[in-house]
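Engineer: Let me give you the structure first, and then I'll get to my questions.
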Amino acid sequence: MTIQQIKYFLSLANELHFWKTAEKVFISQSTLSRQIQSLEDEMGIQLLERNKRNVKLTDAGKFLQEHWTETIKELDQIHRQAKKIDEGVSGFVSITYPGSIAFNYLPNFLALINSELPDLKVELTEPNDENHKKLLLNYDTDIAFSRERIEHVNINSLKLHSEPICLAIPNNHWATKKSLRNFNDLKNETFILSGLHRTTYYASLLRNLFNAHGFEPKVLIESDFGGMILNLVSKELGVSILPSSFKFSTYKNVRFIELEEQIDLFVNWRKNETNKTIKKVIEYTKSITI
């Protein structure tokens with residue numbers, strides 16, 4: 001029995017069609033049939049019921065499909081991690097991050113990494129907030145910057161800094177630090193925001209902010225991408241609320257007014273990390289200030 005035979009079986013169990021499965025796994029139909037038959041013979045178990053028209057799983061086949069799916073997934077994760085450990089010698093690290101740090105913290109951090117570890121290859125991904133934990137646990141990323149602490153028994157989380165959130169407005173907007181005495185003065189404004197119905201940390205922060213001031217914002221456009229939001233604000237389509245890190249962007253016709261609320265930045269990584277390169281990179285995250 002080989003891992004490849006098990007993968008062939010799992011593909012066939014999903015398709016329940018030899019020809020389609022053979023095309024999907026890039027082998028001939030006869031080769032696939034021989035591999036499945038060999039697997040059944042070695043195990044002494046009938047996995048599939050076949051006739052000229054149909055293929056279906058036996059009860060034993062259904063049981064093995066369920067359990068082998070998890071086993072293969074775990075083996076693939078172990079293989080990916082072993083590969084990363086091996087590549088740590090030449091240097092490779094994958095990093096996920098929120099878009100708000102792309103204008104200040106992240107470029108400064110990458111400049112430091114390039115200076116201290118010039119041969120290190122860095123892969124950057126900007127996922128949705130709720131995906132950082134999943135990517136870490138699945139070994140699809142090594143280091144995750146996030147706006148909230150990731151709570152999980154197998155993940156370490158370190159707070160790097162805090163910063164205020166800001167009202168982002170066009171240059172000709174009436175609001176100034178002096179004139180904006182009360183947040184409620186904004187209740188007639190048109191907002192461009194991350195979807196308040198979302199379960200992300202930032203959406204929750206915004207909901208709490210508006211609830212605390214007793215009004216529901218008039219939202220014209222929803223977007224989770226800060227760069228897009230700033231572009232729309234610069235076109236005078238509305239105002240927004242963003243972390244102050246966006247002040248370092250190059251968008252014209254946008255002003256920022258700091259609000260009282262703060263937002264944090266955390267770095268997260270897997271516990272018991274064996275890749276020495278990743279451990280070094282984690283240490284460098286503490287050296288950057290904003």
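Residue names in the structure tokens use chain letters A, B, ... in the order shown, residue numbers from 1 in each chain, and ligand numbers from 1 in the order shown.
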Residues of range 43-191 of chain A in strand (DSSP E) according to DSSP, as number ranges by chain?
Structural biologist: A: 48-50, 55-57, 92-96, 121-125, 143-146, 155-170, 190-191
Engineer: Extract, using only C-alpha atoms, all DNA, RNA and protein residues at most 7 Å from range 230-242 of chain A, discarding same-chain residues fewer than 5 positions from it, and format them as a VMD selection string.
Structural biologist: chain A and resid 165 to 170 190 to 193 251 to 254
Engineer: Just asking: which residues within range 89-196 of chain A are helix (DSSP H, G or I) according to DSSP, as a compact mmCIF listing (two decimals) with N, CA and C atoms, in the first residue's frame?
Structural biologist:
# COMPACT_ATOMS: atom_id res chain seq x y z
N GLY A 99 -3.58 44.77 5.63
CA GLY A 99 -3.17 45.80 4.68
C GLY A 99 -2.74 47.10 5.33
N SER A 100 -3.21 47.36 6.55
CA SER A 100 -2.90 48.64 7.20
C SER A 100 -1.42 48.80 7.53
N ILE A 101 -0.65 47.70 7.61
CA ILE A 101 0.77 47.84 7.96
C ILE A 101 1.65 47.91 6.71
N TYR A 105 5.04 49.96 8.86
CA TYR A 105 5.70 48.90 9.62
C TYR A 105 6.29 47.83 8.71
N LEU A 106 5.49 47.32 7.79
CA LEU A 106 5.96 46.20 6.96
C LEU A 106 7.16 46.56 6.08
N PRO A 107 7.15 47.69 5.36
CA PRO A 107 8.35 48.03 4.57
C PRO A 107 9.59 48.19 5.44
N ASN A 108 9.45 48.80 6.62
CA ASN A 108 10.61 48.95 7.50
C ASN A 108 11.10 47.60 8.01
N PHE A 109 10.16 46.74 8.32
CA PHE A 109 10.51 45.39 8.77
C PHE A 109 11.23 44.62 7.68
N LEU A 110 10.72 44.68 6.45
CA LEU A 110 11.35 43.97 5.33
C LEU A 110 12.73 44.53 5.01
N ALA A 111 12.90 45.84 5.18
CA ALA A 111 14.22 46.44 4.97
C ALA A 111 15.22 45.90 5.97
N LEU A 112 14.77 45.74 7.23
CA LEU A 112 15.65 45.17 8.26
C LEU A 112 16.00 43.72 7.94
N ILE A 113 15.00 42.95 7.53
CA ILE A 113 15.24 41.55 7.17
C ILE A 113 16.23 41.45 6.02
N ASN A 114 16.04 42.30 5.02
CA ASN A 114 16.94 42.28 3.87
C ASN A 114 18.37 42.62 4.27
N SER A 115 18.50 43.50 5.25
CA SER A 115 19.83 43.88 5.73
C SER A 115 20.49 42.77 6.54
N GLU A 116 19.70 42.16 7.44
CA GLU A 116 20.26 41.15 8.35
C GLU A 116 20.30 39.74 7.76
N ASP A 129 -8.95 38.78 7.71
CA ASP A 129 -8.52 38.71 9.10
C ASP A 129 -8.71 37.35 9.73
N GLU A 130 -9.87 36.73 9.46
CA GLU A 130 -10.20 35.49 10.16
C GLU A 130 -9.39 34.30 9.66
N ASN A 131 -8.60 34.47 8.58
CA ASN A 131 -7.86 33.34 8.00
C ASN A 131 -6.45 33.16 8.56
N HIS A 132 -5.94 34.12 9.35
CA HIS A 132 -4.56 34.02 9.83
C HIS A 132 -4.34 32.74 10.64
N LYS A 133 -5.24 32.45 11.57
CA LYS A 133 -5.08 31.26 12.41
C LYS A 133 -5.08 29.98 11.59
N LYS A 134 -6.01 29.88 10.67
CA LYS A 134 -6.10 28.69 9.81
C LYS A 134 -4.83 28.50 9.00
N LEU A 135 -4.31 29.59 8.45
CA LEU A 135 -3.09 29.50 7.64
C LEU A 135 -1.89 29.05 8.47
N LEU A 136 -1.80 29.52 9.71
CA LEU A 136 -0.72 29.09 10.59
C LEU A 136 -0.83 27.60 10.92
N LEU A 137 -2.01 27.17 11.32
CA LEU A 137 -2.20 25.79 11.75
C LEU A 137 -2.05 24.80 10.60
N PHE A 183 -17.99 62.82 18.37
CA PHE A 183 -18.09 61.86 17.27
C PHE A 183 -19.49 61.87 16.65
N ASN A 184 -20.50 62.21 17.46
CA ASN A 184 -21.88 62.23 16.96
C ASN A 184 -22.08 63.28 15.86
N ASP A 185 -21.15 64.23 15.75
CA ASP A 185 -21.24 65.22 14.67
C ASP A 185 -21.15 64.57 13.29
N LEU A 186 -20.71 63.31 13.27
CA LEU A 186 -20.51 62.61 11.99
C LEU A 186 -21.72 61.79 11.56
Engineer: Using only C-alpha atoms, which of the listed residues (A:Thr69, A:Asn51, A:Gln46, A:His79) sits closest to Lys7 in chain A?
Structural biologist: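 Checking each candidate against Lys7 in chain A, we get A:Thr69 as the closest.
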Engineer: Could you work out how far CA of Lys276 in chain A lies from CA of Ile155 in chain A, giving the answer in Å with one decimal?
Structural biologist: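 Separating CA of Ile155 in chain A from CA of Lys276 in chain A is a distance of 16.6 Å.
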Engineer: For Arg207 in chain A, work out the shell of residues within 9 Å, counting only C-alpha atoms and skipping chain neighbours fewer than 3 positions away, then give it as a ChimeraX atom specification.
Structural biologist: /A:196-197,202-204,210-212,216
Engineer: Kindly export the residues of the current selection with C-alpha atoms, as a CSV table (one decimal), in the first residue's frame.
Structural biologist:
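Generated output (again21.csv):
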chain,number,residue,atom,x,y,z
A,196,LEU,CA,-20.0,45.9,9.7
A,197,HIS,CA,-21.8,42.5,9.4
A,202,TYR,CA,-11.9,45.4,12.9
A,203,ALA,CA,-15.6,45.2,11.9
A,204,SER,CA,-16.3,44.4,15.6
A,210,PHE,CA,-20.8,53.5,16.5
A,211,ASN,CA,-22.9,51.7,19.2
A,212,ALA,CA,-21.1,53.6,21.9
A,216,GLU,CA,-25.8,53.7,12.9
Engineer: A:Lys62, A:His152, A:Lys178, A:Arg50: which is nearest Glu258 in chain A, counting only C-alpha atoms?
Structural biologist: A:Lys178
Engineer: Within 7 Å of Phe103 in chain A, counting only C-alpha atoms, which residues show up once you throw out same-chain ones fewer than 6 positions away? Write them as a PDB file with N, CA, C and O atoms, in the first residue's frame, please.
Structural biologist:
ATOM      1  N   SER A 245      -1.801  53.960  10.696  1.00  0.00           N
ATOM      2  CA  SER A 245      -0.729  53.538   9.781  1.00  0.00           C
ATOM      3  C   SER A 245      -1.001  53.964   8.344  1.00  0.00           C
ATOM      4  O   SER A 245      -0.071  54.153   7.553  1.00  0.00           O
ATOM      5  N   PHE A 246      -2.273  54.143   7.992  1.00  0.00           N
ATOM      6  CA  PHE A 246      -2.606  54.553   6.631  1.00  0.00           C
ATOM      7  C   PHE A 246      -2.163  55.984   6.343  1.00  0.00           C
ATOM      8  O   PHE A 246      -2.156  56.410   5.185  1.00  0.00           O
ATOM      9  N   PHE A 248       0.693  56.943   6.297  1.00  0.00           N
ATOM     10  CA  PHE A 248       1.958  56.850   5.573  1.00  0.00           C
ATOM     11  C   PHE A 248       1.746  56.474   4.098  1.00  0.00           C
ATOM     12  O   PHE A 248       2.717  56.297   3.363  1.00  0.00           O
ATOM     13  N   SER A 249       0.503  56.337   3.690  1.00  0.00           N
ATOM     14  CA  SER A 249       0.229  56.045   2.285  1.00  0.00           C
ATOM     15  C   SER A 249       0.455  57.311   1.456  1.00  0.00           C
ATOM     16  O   SER A 249       0.612  58.407   1.993  1.00  0.00           O
TER      17      SER A 249
END
Engineer: Using only C-alpha atoms, which protein or nucleic acid residues come within 12 Å of Asp140 in chain A? Drop anything in the same chain fewer than 4 positions from it, and give the result as a list in words.
Structural biologist: Asp76, Gln77, Ile78, His79, Arg80, Gln81, Lys83, Lys84, Val93, Ser94, Ile95, Thr96, Glu123, Leu124, Thr125, Pro127, Asn131, His132, Lys133, Lys134, Leu135, Leu136, Ala144, Trp269 and Arg270 of chain A
Engineer: Can I get the selection written as a PDB file, in the first residue's frame, with N, CA and C atoms?
Structural biologist:
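The result, written out as part-v6.pdb:
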ATOM      1  N   ASP A  76       0.260  15.605   4.522  1.00  0.00           N
ATOM      2  CA  ASP A  76       0.636  16.724   3.649  1.00  0.00           C
ATOM      3  C   ASP A  76       1.137  17.911   4.462  1.00  0.00           C
ATOM      4  N   GLN A  77       0.475  18.162   5.605  1.00  0.00           N
ATOM      5  CA  GLN A  77       0.912  19.259   6.476  1.00  0.00           C
ATOM      6  C   GLN A  77       2.305  18.982   7.028  1.00  0.00           C
ATOM      7  N   ILE A  78       2.530  17.738   7.448  1.00  0.00           N
ATOM      8  CA  ILE A  78       3.845  17.353   7.978  1.00  0.00           C
ATOM      9  C   ILE A  78       4.909  17.497   6.891  1.00  0.00           C
ATOM     10  N   HIS A  79       4.550  17.097   5.675  1.00  0.00           N
ATOM     11  CA  HIS A  79       5.497  17.196   4.569  1.00  0.00           C
ATOM     12  C   HIS A  79       5.843  18.653   4.268  1.00  0.00           C
ATOM     13  N   ARG A  80       4.803  19.534   4.279  1.00  0.00           N
ATOM     14  CA  ARG A  80       5.056  20.947   4.023  1.00  0.00           C
ATOM     15  C   ARG A  80       5.967  21.545   5.093  1.00  0.00           C
ATOM     16  N   GLN A  81       5.720  21.149   6.344  1.00  0.00           N
ATOM     17  CA  GLN A  81       6.550  21.690   7.414  1.00  0.00           C
ATOM     18  C   GLN A  81       7.982  21.171   7.317  1.00  0.00           C
ATOM     19  N   LYS A  83       9.504  20.337   4.648  1.00  0.00           N
ATOM     20  CA  LYS A  83      10.125  21.045   3.524  1.00  0.00           C
ATOM     21  C   LYS A  83      10.566  22.438   3.942  1.00  0.00           C
ATOM     22  N   LYS A  84       9.735  23.119   4.740  1.00  0.00           N
ATOM     23  CA  LYS A  84      10.087  24.457   5.218  1.00  0.00           C
ATOM     24  C   LYS A  84      11.320  24.404   6.122  1.00  0.00           C
ATOM     25  N   VAL A  93      10.607  32.141   4.295  1.00  0.00           N
ATOM     26  CA  VAL A  93       9.585  32.374   5.310  1.00  0.00           C
ATOM     27  C   VAL A  93       8.360  32.984   4.645  1.00  0.00           C
ATOM     28  N   SER A  94       7.191  32.492   5.006  1.00  0.00           N
ATOM     29  CA  SER A  94       5.947  33.043   4.473  1.00  0.00           C
ATOM     30  C   SER A  94       5.275  33.872   5.569  1.00  0.00           C
ATOM     31  N   ILE A  95       4.766  35.037   5.186  1.00  0.00           N
ATOM     32  CA  ILE A  95       4.215  36.009   6.139  1.00  0.00           C
ATOM     33  C   ILE A  95       2.851  36.478   5.648  1.00  0.00           C
ATOM     34  N   THR A  96       1.868  36.491   6.555  1.00  0.00           N
ATOM     35  CA  THR A  96       0.584  37.118   6.256  1.00  0.00           C
ATOM     36  C   THR A  96       0.462  38.389   7.084  1.00  0.00           C
ATOM     37  N   GLU A 123       7.783  35.395   1.352  1.00  0.00           N
ATOM     38  CA  GLU A 123       6.524  35.316   0.620  1.00  0.00           C
ATOM     39  C   GLU A 123       5.461  36.065   1.423  1.00  0.00           C
ATOM     40  N   LEU A 124       4.802  37.048   0.807  1.00  0.00           N
ATOM     41  CA  LEU A 124       3.820  37.881   1.498  1.00  0.00           C
ATOM     42  C   LEU A 124       2.412  37.592   0.979  1.00  0.00           C
ATOM     43  N   THR A 125       1.451  37.506   1.918  1.00  0.00           N
ATOM     44  CA  THR A 125       0.054  37.301   1.569  1.00  0.00           C
ATOM     45  C   THR A 125      -0.810  38.172   2.466  1.00  0.00           C
ATOM     46  N   PRO A 127      -4.376  38.071   3.619  1.00  0.00           N
ATOM     47  CA  PRO A 127      -5.653  37.348   3.657  1.00  0.00           C
ATOM     48  C   PRO A 127      -6.715  38.129   4.417  1.00  0.00           C
ATOM     49  N   ASN A 131      -8.602  34.467   8.583  1.00  0.00           N
ATOM     50  CA  ASN A 131      -7.861  33.343   8.003  1.00  0.00           C
ATOM     51  C   ASN A 131      -6.455  33.160   8.564  1.00  0.00           C
ATOM     52  N   HIS A 132      -5.941  34.119   9.350  1.00  0.00           N
ATOM     53  CA  HIS A 132      -4.562  34.018   9.826  1.00  0.00           C
ATOM     54  C   HIS A 132      -4.336  32.740  10.643  1.00  0.00           C
ATOM     55  N   LYS A 133      -5.244  32.446  11.566  1.00  0.00           N
ATOM     56  CA  LYS A 133      -5.084  31.256  12.414  1.00  0.00           C
ATOM     57  C   LYS A 133      -5.084  29.984  11.586  1.00  0.00           C
ATOM     58  N   LYS A 134      -6.010  29.875  10.666  1.00  0.00           N
ATOM     59  CA  LYS A 134      -6.100  28.690   9.814  1.00  0.00           C
ATOM     60  C   LYS A 134      -4.829  28.501   8.999  1.00  0.00           C
ATOM     61  N   LEU A 135      -4.305  29.592   8.446  1.00  0.00           N
ATOM     62  CA  LEU A 135      -3.089  29.499   7.636  1.00  0.00           C
ATOM     63  C   LEU A 135      -1.893  29.050   8.466  1.00  0.00           C
ATOM     64  N   LEU A 136      -1.801  29.520   9.711  1.00  0.00           N
ATOM     65  CA  LEU A 136      -0.718  29.090  10.593  1.00  0.00           C
ATOM     66  C   LEU A 136      -0.831  27.602  10.924  1.00  0.00           C
ATOM     67  N   ALA A 144       2.262  35.401  11.176  1.00  0.00           N
ATOM     68  CA  ALA A 144       1.045  36.149  10.861  1.00  0.00           C
ATOM     69  C   ALA A 144       0.994  37.422  11.701  1.00  0.00           C
ATOM     70  N   TRP A 269       2.870  33.122  15.721  1.00  0.00           N
ATOM     71  CA  TRP A 269       3.599  32.025  15.096  1.00  0.00           C
ATOM     72  C   TRP A 269       3.303  30.730  15.846  1.00  0.00           C
ATOM     73  N   ARG A 270       3.621  29.596  15.222  1.00  0.00           N
ATOM     74  CA  ARG A 270       3.350  28.301  15.839  1.00  0.00           C
ATOM     75  C   ARG A 270       4.282  28.054  17.021  1.00  0.00           C
TER      76      ARG A 270
END
Engineer: Between CA of Thr200 in chain A and CA of Lys279 in chain A, what is the spacing in Å?
Structural biologist: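 Between these atoms lies a distance of 27.7 Å.
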Engineer: Taking into account only C-alpha atoms, which residue in the set A:Leu64, A:Phe215, A:Asp119, A:Ile257 is nearest to Thr176 in chain A?
Structural biologist: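 Checking each of A:Leu64, A:Phe215, A:Asp119, A:Ile257 against Thr176 in chain A, counting only C-alpha atoms, the winner is A:Ile257.
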Engineer: Between A:Leu259, A:Ser194, A:Thr277, A:Phe9, which one has atoms that come closest to Arg181 in chain A, using only C-alpha atoms?
Structural biologist: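 The closest residue to Arg181 in chain A is A:Leu259.
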Engineer: Which distance in Å separates CA of Gly226 in chain A and CA of Ser244 in chain A, to one decimal?
Structural biologist: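 Those two atoms sit 11.3 Å apart.
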